[in-house]
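**Student:** Have a look at this one before I ask anything.
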Amino acid sequence: MFLHELKSIYRTLLSPAFGELLRIDDSDEDKDWIAVMLDGEREEFFVSLYGTDCARLFWCNECFIFDRRRDSLVSSDTFGEIVYERPFSEEELPQLIQSLVLRLKDCTYLRKEERVVGRTPSGWDKIRDYTILAKSPAPTKERWQLGNITIEFH
């Protein structure tokens with residue numbers, strides 16, 4: 001899949017929720033990644049896409065890693081980050097990102113809790129479950145789950 005196709009997919013998925021704030025960085029056509037800005041010029045809530053099988057979502061100085069080659073990542077790659085630990089296809093990644101982005105929209109980070117539940121097959125990294133506490137404009141004490149990531153809205 002070409003980068004322009006990825007841009008179109010994410011524009012279609014995210015434009016309804018973000019409108020004019022949505023901006024896809026086209027500053028350097030020679031690069032092999034795409035930045036999808038969700039908060040306009042602020043550039044504090046965005047997704048970096050590295051092809052069809054790897055993405056990093058940045059929100060409130062937290063980084064969510066989605067990588068189909070998860071087992072090749074080591075602790076220095078994932079230290080302090082929130083790693084999605086479930087298998088996914090290239091076709092599923094845009095919907096995973098969309099669902100998480102729509103849940104985090106208009107929320108702010110409070111804190112995260114991590115629980116080690118295993119090790120990667122290489123043994124070079126720990127597998128974790130995460131609970132993210134987020135301040136929501138409409139607090140519900142709701143819990144939302146995406147694989148090994150749980151978000152509690154307060």
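FYI, nothing fancy with the structure tokens labels: chains A, B, ... in order, residues from 1 per chain, ligands from 1 as they appear.
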Using only C-alpha atoms, tabulate the residues of segment 65-143 of chain A lying at most 12 Å from any atom of segment 22-46 of chain A, each with its closest atom pair and that distance in Å to one decimal, by chain and increasing residue number, as a Markdown table.
**Tutor:**
```
| residue | atom | partner | partner_atom | distance |
| --- | --- | --- | --- | --- |
| A:Pro94 | CA | A:Val36 | CA | 11.9 |
| A:Ile97 | CA | A:Phe46 | CA | 10.6 |
| A:Gln98 | CA | A:Leu38 | CA | 11.1 |
| A:Leu100 | CA | A:Phe46 | CA | 11.8 |
| A:Val101 | CA | A:Leu38 | CA | 8.8 |
| A:Leu102 | CA | A:Leu38 | CA | 10.4 |
| A:Leu104 | CA | A:Phe45 | CA | 9.4 |
| A:Lys105 | CA | A:Phe45 | CA | 8.7 |
| A:Asp106 | CA | A:Asp39 | CA | 10.1 |
| A:Cys107 | CA | A:Phe45 | CA | 10.8 |
| A:Thr108 | CA | A:Phe45 | CA | 10.6 |
| A:Tyr109 | CA | A:Phe45 | CA | 11.7 |
```
**Student:** So that I can see what lies close to Ile65 of chain A, please list as a PyMOL selection string the residues with an atom at most 8 Å from it, counting only C-alpha atoms and leaving out residues fewer than 4 positions away in the same chain.
**Tutor:** chain A and resi 54-57+78+81-84
**Student:** Would you please work out which residue, of A:Asp53, A:Glu113, A:Asp129, A:Phe58, is nearest to Glu92 of chain A when using only C-alpha atoms?
**Tutor:** A:Asp53
**Student:** Among segment 30-134 of chain A, which residues does DSSP mark as strand (DSSP E) when it is run on the backbone? Keep the chain and numbering as in the structure and answer as a PyMOL selection string.
**Tutor:** chain A and resi 34-37+45-49+54-59+62-67+82-83+108-119+126-134
**Student:** I need the residue nearest Leu49 of chain A from this list: A:Val74, A:Ala17, A:Leu133, A:Ile9. Use only C-alpha atoms for the distance.
**Tutor:** A:Ile9
**Student:** Expressed in Å to a single decimal, how great is the separation between atom CA of Gly123 of chain A and atom CA of Thr52 of chain A?
**Tutor:**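 About the pair atom CA of Gly123 of chain A and atom CA of Thr52 of chain A: they are 25.9 Å apart.
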**Student:** Go ahead and compute the interatomic distance for atom CA of Glu62 of chain A and atom CA of Thr131 of chain A, in Å to one decimal.
**Tutor:**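 Taking atom CA of Glu62 of chain A and atom CA of Thr131 of chain A, their separation equals 12.8 Å.
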**Student:** Between atom CA of Val117 of chain A and atom CA of Tyr130 of chain A, what is the distance, to one decimal in Å?
**Tutor:**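 Taking atom CA of Val117 of chain A as the start and atom CA of Tyr130 of chain A as the end point, the length is 10.3 Å.
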**Student:** From a backbone DSSP assignment, name each residue in segment 32-125 of chain A labelled helix (DSSP H, G or I), as a PyMOL selection string.
**Tutor:** chain A and resi 40-42+70-72+75-78+93-104
**Student:** Of the candidates A:Pro137, A:Gly80, A:Ser75, A:Tyr10, which one gets nearest to Ser48 of chain A if we count only C-alpha atoms?
**Tutor:**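 Result for the nearest residue to Ser48 of chain A: A:Tyr10.
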**Student:** Between A:Ser122, A:Leu96, A:Lys141, A:Phe18, which residue has the minimum interatomic distance to Arg69 of chain A, considering only C-alpha atoms?
**Tutor:**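 Smallest separation from Arg69 of chain A among the options: A:Ser122.
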**Student:** For a quick check of understanding, using only C-alpha atoms, which of A:Lys126, A:Arg111, A:Arg86, A:Arg119 has the smallest distance to Glu152 of chain A?
**Tutor:**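 Ranked by minimum distance to Glu152 of chain A, first place goes to A:Arg111.
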**Student:** Could you check which of A:Ala138, A:Val47, A:Leu6, A:Ile127 is closest to Glu91 of chain A, using only C-alpha atoms?
**Tutor:**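 Under the stated criterion, the closest residue is A:Leu6.
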